[in-house]
Structure formats: C-alpha cells, structure tokens
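A.B. asks: Structure supplied as work_30.txt; contents: compact mmCIF, C-alpha atoms.
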# COMPACT_ATOMS: atom_id res chain seq x y z
CA MET G 1 16.93 -2.98 43.41
CA MET G 2 14.07 -5.30 42.40
CA GLN G 3 12.09 -2.31 41.14
CA THR G 4 14.97 -1.37 38.82
CA ILE G 5 15.13 -4.91 37.44
CA ASN G 6 11.35 -4.93 36.86
CA LYS G 7 11.59 -1.63 34.98
CA PHE G 8 14.55 -2.86 32.92
CA ILE G 9 12.66 -6.01 31.90
CA ALA G 10 9.27 -4.34 31.35
CA THR G 11 10.78 -1.61 29.17
CA VAL G 12 12.88 -4.21 27.30
CA PHE G 13 16.26 -2.70 28.11
CA GLY G 14 14.85 0.84 27.99
CA ILE G 15 13.15 0.65 24.58
CA GLY G 16 9.87 1.53 26.28
CA ASN G 17 11.35 4.89 27.28
CA LEU G 18 11.77 6.00 23.66
CA PRO G 19 9.65 9.10 23.03
CA LEU G 20 7.93 7.98 19.80
CA ALA G 21 6.18 4.64 19.14
CA PRO G 22 7.90 2.52 21.80
CA GLY G 23 5.62 -0.45 21.04
CA THR G 24 6.62 -0.48 17.39
CA TRP G 25 10.32 -0.23 18.28
CA ALA G 26 9.95 -3.09 20.74
CA SER G 27 8.19 -5.19 18.07
CA ILE G 28 10.98 -4.51 15.58
CA PHE G 29 13.56 -5.39 18.23
CA ALA G 30 11.67 -8.63 19.00
CA VAL G 31 11.52 -9.75 15.38
CA ILE G 32 15.23 -9.02 14.88
CA ILE G 33 16.13 -11.04 17.98
CA TRP G 34 13.84 -13.85 16.77
CA TYR G 35 15.55 -13.90 13.37
CA PHE G 36 19.09 -14.05 14.71
CA LEU G 37 18.46 -16.46 17.56
CA LYS G 38 16.71 -19.00 15.33
CA LEU G 39 15.31 -20.55 18.46
CA ASP G 40 13.75 -23.59 16.74
CA LEU G 41 12.77 -26.15 19.39
CA THR G 42 12.83 -23.72 22.28
CA GLN G 43 10.55 -21.12 20.70
CA VAL G 44 7.50 -22.03 22.76
CA LEU G 45 9.56 -22.06 25.95
CA ALA G 46 11.03 -18.63 25.11
CA VAL G 47 7.52 -17.23 24.59
CA ILE G 48 6.34 -18.69 27.91
CA VAL G 49 9.34 -17.26 29.78
CA VAL G 50 8.90 -13.78 28.28
CA LEU G 51 5.17 -13.92 28.96
CA ALA G 52 5.67 -14.93 32.60
CA MET G 53 8.33 -12.27 33.15
CA GLY G 54 6.10 -9.70 31.48
CA ILE G 55 3.07 -10.52 33.62
CA TYR G 56 5.14 -10.39 36.81
CA CYS G 57 7.11 -7.21 36.05
CA SER G 58 4.14 -5.36 34.57
CA HIS G 59 2.00 -6.26 37.57
CA LYS G 60 4.65 -4.88 39.92
CA LEU G 61 4.87 -1.61 37.95
CA VAL G 62 1.14 -0.85 37.59
CA PRO G 63 0.98 0.82 41.04
CA ILE G 64 3.85 3.10 40.03
CA TRP G 65 3.18 3.78 36.33
CA GLY G 66 -0.58 3.24 36.12
CA LYS G 67 -2.72 0.93 34.03
CA ASP G 68 -1.02 -0.20 30.77
CA PRO G 69 1.63 2.51 30.45
CA SER G 70 3.18 2.84 27.00
CA ARG G 71 6.68 2.34 28.35
CA ILE G 72 5.93 -1.27 29.25
CA VAL G 73 6.77 -3.00 25.98
CA ILE G 74 7.60 -6.55 27.02
CA ASP G 75 4.03 -7.35 25.96
CA GLU G 76 4.99 -6.43 22.40
CA VAL G 77 7.93 -8.83 22.54
CA ALA G 78 5.70 -11.68 23.72
CA GLY G 79 3.02 -10.92 21.13
CA MET G 80 5.54 -10.53 18.34
CA TRP G 81 7.19 -13.83 19.20
CA ILE G 82 3.78 -15.54 19.22
CA SER G 83 3.25 -14.11 15.74
CA CYS G 84 6.50 -15.76 14.65
CA LEU G 85 5.86 -19.22 16.10
CA PHE G 86 5.91 -22.07 13.57
CA ILE G 87 6.54 -19.89 10.51
CA PRO G 88 9.67 -19.99 8.35
CA ASN G 89 12.46 -17.86 9.78
CA LYS G 90 12.76 -15.88 6.56
CA ILE G 91 12.76 -12.11 6.29
CA PRO G 92 9.57 -11.77 4.16
CA HIS G 93 7.63 -13.98 6.57
CA LEU G 94 8.93 -12.08 9.60
CA ILE G 95 8.16 -8.70 8.05
CA LEU G 96 4.60 -9.85 7.37
CA ALA G 97 4.39 -11.13 10.96
CA LEU G 98 5.52 -7.70 12.18
CA VAL G 99 2.98 -5.85 10.02
CA LEU G 100 0.11 -8.14 10.99
CA PHE G 101 0.99 -8.02 14.67
CA ARG G 102 1.18 -4.22 14.75
CA LEU G 103 -2.11 -4.00 12.82
CA PHE G 104 -3.94 -6.30 15.26
CA ASP G 105 -2.29 -4.62 18.24
CA ILE G 106 -3.30 -1.13 17.13
CA VAL G 107 -6.80 -1.86 15.76
CA LYS G 108 -7.64 -4.40 18.53
CA PRO G 109 -10.42 -6.38 16.80
CA PHE G 110 -12.25 -9.52 17.95
CA GLY G 111 -12.11 -9.15 21.72
CA ILE G 112 -8.56 -7.85 22.03
CA ARG G 113 -9.79 -4.62 23.59
CA SER G 114 -11.87 -6.50 26.17
CA VAL G 115 -8.89 -8.42 27.62
CA GLU G 116 -7.14 -5.11 28.17
CA GLN G 117 -9.69 -4.52 30.92
CA LEU G 118 -8.18 -7.29 33.05
CA LYS G 119 -6.25 -5.93 35.99
CA GLY G 120 -2.51 -5.73 36.41
CA GLY G 121 0.09 -7.50 34.35
CA LEU G 122 -2.41 -9.95 32.91
CA GLY G 123 -4.38 -7.20 31.17
CA ILE G 124 -1.20 -5.59 29.91
CA MET G 125 0.11 -8.82 28.41
CA LEU G 126 -3.01 -10.59 27.13
CA ASP G 127 -4.09 -8.06 24.50
CA ASP G 128 -0.73 -8.53 22.79
CA VAL G 129 -0.95 -12.30 23.20
CA LEU G 130 -4.27 -12.24 21.33
CA ALA G 131 -2.85 -9.92 18.66
CA GLY G 132 0.03 -12.39 18.27
CA ILE G 133 -2.32 -15.36 18.01
CA TYR G 134 -4.46 -13.62 15.39
CA SER G 135 -1.34 -12.68 13.42
CA ASN G 136 -0.05 -16.23 13.58
CA VAL G 137 -3.39 -17.67 12.42
CA VAL G 138 -3.38 -15.36 9.39
CA LEU G 139 0.23 -16.32 8.65
CA GLN G 140 -0.58 -20.03 8.92
CA ILE G 141 -3.41 -19.56 6.41
CA ILE G 142 -1.05 -17.72 4.06
CA LEU G 143 1.48 -20.53 4.36
CA TYR G 144 -1.12 -23.27 3.94
CA TYR G 145 -2.45 -21.77 0.72
CA HIS G 146 1.07 -20.99 -0.57
CA ILE G 147 0.22 -17.31 -1.02
CA PHE G 148 3.89 -16.30 -0.69
CA GLU G 149 4.86 -18.56 -3.58
CA ARG G 150 2.06 -17.15 -5.73
CA VAL G 151 3.15 -13.58 -5.05
CA TYR G 152 6.75 -14.42 -6.00
CA GLU G 153 5.53 -15.88 -9.32
CA LEU G 154 4.02 -12.54 -10.32
Take the structure from the file and write it as structure tokens.
C.D. replies:
Amino acid sequence: MMQTINKFIATVFGIGNLPLAPGTWASIFAVIIWYFLKLDLTQVLAVIVVLAMGIYCSHKLVPIWGKDPSRIVIDEVAGMWISCLFIPNKIPHLILALVLFRLFDIVKPFGIRSVEQLKGGLGIMLDDVLAGIYSNVVLQIILYYHIFERVYEL
C-alpha cells in the first residue's frame, strides 16, 4: 500500500509514466497548478512540502526503480515551483520560468550535475532545486531591470 502511494506521489499522479518527455510534462503541469492556485503567502511552504515528499518518496523508490529514474517527476514540480517563487503570477512570467527551468534542468550548468551524484532521494531532488534557483535568479534580474516592460514597448 505505502509503495503504491510513493509511486503515485513520485510520478505526480502518473505523469512520470508518460512515454515521451515526462519531466517536461510534469513541469508544465506544475506551472499550470501554480498559476491557478495563486498560492501567495503559502508558496514557500508548498515548495517545502513538495520537496520533503519528493525526497522521501524518491528515496523509497530508488531500490526498485534505480538511481534517478525518468518516471520520478516530483523533482520537476519542486524545481518548477522554486522557479516561480516571488515572481508575478502572469502567464508571460510563468512561461519564461518554465523555459528557463527546463533549460537549466537539461543543460545542468554550474554544479547541477554534481549534486545528482548524491545518493537516494536527495540526489534526485537537488539537481532540480538548483535548476529552479538558477531560473529564479535569472527571473529576478529580468524583473529588477524591467526587461519585460522594455520588450512590450518594442
């Protein structure tokens, strides 16, 4: 029973079982949920809860599915939500968050690949946490310098 619950959570309701690009589908799902929930004051708490659940469930599934299986996608949800923290809940901002997160998650620059080497659920989750942090930093710079407003003026 507990194994089934862990799989359900780790695959984000089965999204991780999709045959093509499950991480991208999970990221899209995460950004849609973020947009509609408009979590506001509880955003940080939501990220922490998803991160804790992801570490636990992923850790329990590593012995069964192996190290960082593609069907575990709760890490994409946590990373995507970190990308969205403290930015306007507007579609252009969220689309840019999605693009940046997927870029950092796929390319894995600046130490992201090295945290993947950590064992168990921590290694599975932390590379996406870093990708989310990097995405959020880039978004904060874009917001600080009003780059969105300048693009709209063109």
A.B. asks: Between G:Leu61, G:Leu18, G:Leu100, G:Ile55, which one has atoms that come closest to Gln3 in chain G, using all atoms listed in the file?
C.D. replies: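 Selected residue with least distance to Gln3 in chain G: G:Leu61.
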A.B. asks: Using all atoms listed in the file for the distances, tell me which of G:Gly23, G:Arg71, G:Gly79, G:Leu98 is nearest to Ile48 in chain G.
C.D. replies: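 Checking each candidate against Ile48 in chain G, we get G:Gly79 as the closest.
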A.B. asks: As an exercise, work out the distance from CA of Leu41 in chain G to CA of Ile72 in chain G in Å and give it to one decimal place.
C.D. replies: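 So the answer is 27.6 Å.
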A.B. asks: Write out as a PyMOL selection string which residues come within 12 Å of Trp25 in chain G when counting only C-alpha atoms, dropping same-chain ones fewer than 3 positions away.
C.D. replies: chain G and resi 11-22+28-32+70-74+76-77+80+98+102
A.B. asks: Could you please determine the separation between CA of Ala26 in chain G and CA of Ile147 in chain G in Å, to one decimal place?
C.D. replies: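 The value is 27.8 Å.
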A.B. asks: Between CA of Pro109 in chain G and CA of Lys7 in chain G, what is the distance, to one decimal in Å?
C.D. replies: 28.9 Å
A.B. asks: With a distance cut-off of 12 Å and all atoms listed in the file, select the neighbouring residues of Ser114 in chain G, excluding the residue or stretch itself and same-chain residues fewer than 6 positions from it, and output the selection as an NGL selection string.
C.D. replies: :G and (108 or 123-124 or 126-128 or 130)
A.B. asks: Taking all atoms listed in the file into account, name the residue in G:Lys67, G:Gly111, G:His146, G:Lys38 that is nearest to Lys90 in chain G.
C.D. replies: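 Using all atoms listed in the file, the shortest distance to Lys90 in chain G belongs to G:Lys38.
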A.B. asks: Have a look at G:Leu96, G:Phe36, G:Thr42, G:Met2 and name the one nearest to Leu139 in chain G; count only C-alpha atoms.
C.D. replies: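 Counting only C-alpha atoms, the residue closest to Leu139 in chain G is G:Leu96.
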A.B. asks: Write out as a JSON list (two decimals) with C-alpha atoms, in the coordinates of the input which residues come within 6 Å of Phe101 in chain G when counting only C-alpha atoms, dropping same-chain ones fewer than 2 positions away.
C.D. replies:
[["chain", "number", "residue", "atom", "x", "y", "z"],
["G", 97, "ALA", "CA", 4.39, -11.13, 10.96],
["G", 98, "LEU", "CA", 5.52, -7.70, 12.18],
["G", 99, "VAL", "CA", 2.98, -5.85, 10.02],
["G", 103, "LEU", "CA", -2.11, -4.00, 12.82],
["G", 104, "PHE", "CA", -3.94, -6.30, 15.26],
["G", 105, "ASP", "CA", -2.29, -4.62, 18.24],
["G", 131, "ALA", "CA", -2.85, -9.92, 18.66],
["G", 132, "GLY", "CA", 0.03, -12.39, 18.27],
["G", 135, "SER", "CA", -1.34, -12.68, 13.42]]
A.B. asks: Return as lines of an AutoDock Vina configuration file the centre and edge lengths, in Å with one decimal, of the box along x, y and z that encloses every atom of range 115-123 of chain G in the file, padded by 6 Å per side.
C.D. replies:
center_x = -4.8
center_y = -7.2
center_z = 32.0
size_x = 21.8
size_y = 17.4
size_z = 20.8
A.B. asks: Using all atoms listed in the file, which of G:Val47, G:Leu94, G:Ile142, G:Val62 sits nearest Val129 in chain G?
C.D. replies: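 Of the candidates, the smallest distance to Val129 in chain G is held by G:Val47.
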A.B. asks: Go through G:Asp75, G:Pro63, G:Tyr134, G:Ile87 one by one, measure the shortest atom-to-atom distance of each to Lys119 in chain G using only C-alpha atoms, and give the residue with the smallest value.
C.D. replies: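 Closest candidate: G:Pro63.
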A.B. asks: Taking (1.1, -7.7, 36.1) as a centre in this file's frame and 6 Å as the limit, can you find every polymer residue with an atom that close, using all atoms listed in the file, and give them as number ranges by chain?
C.D. replies: G: 55-56, 58-60, 120-122
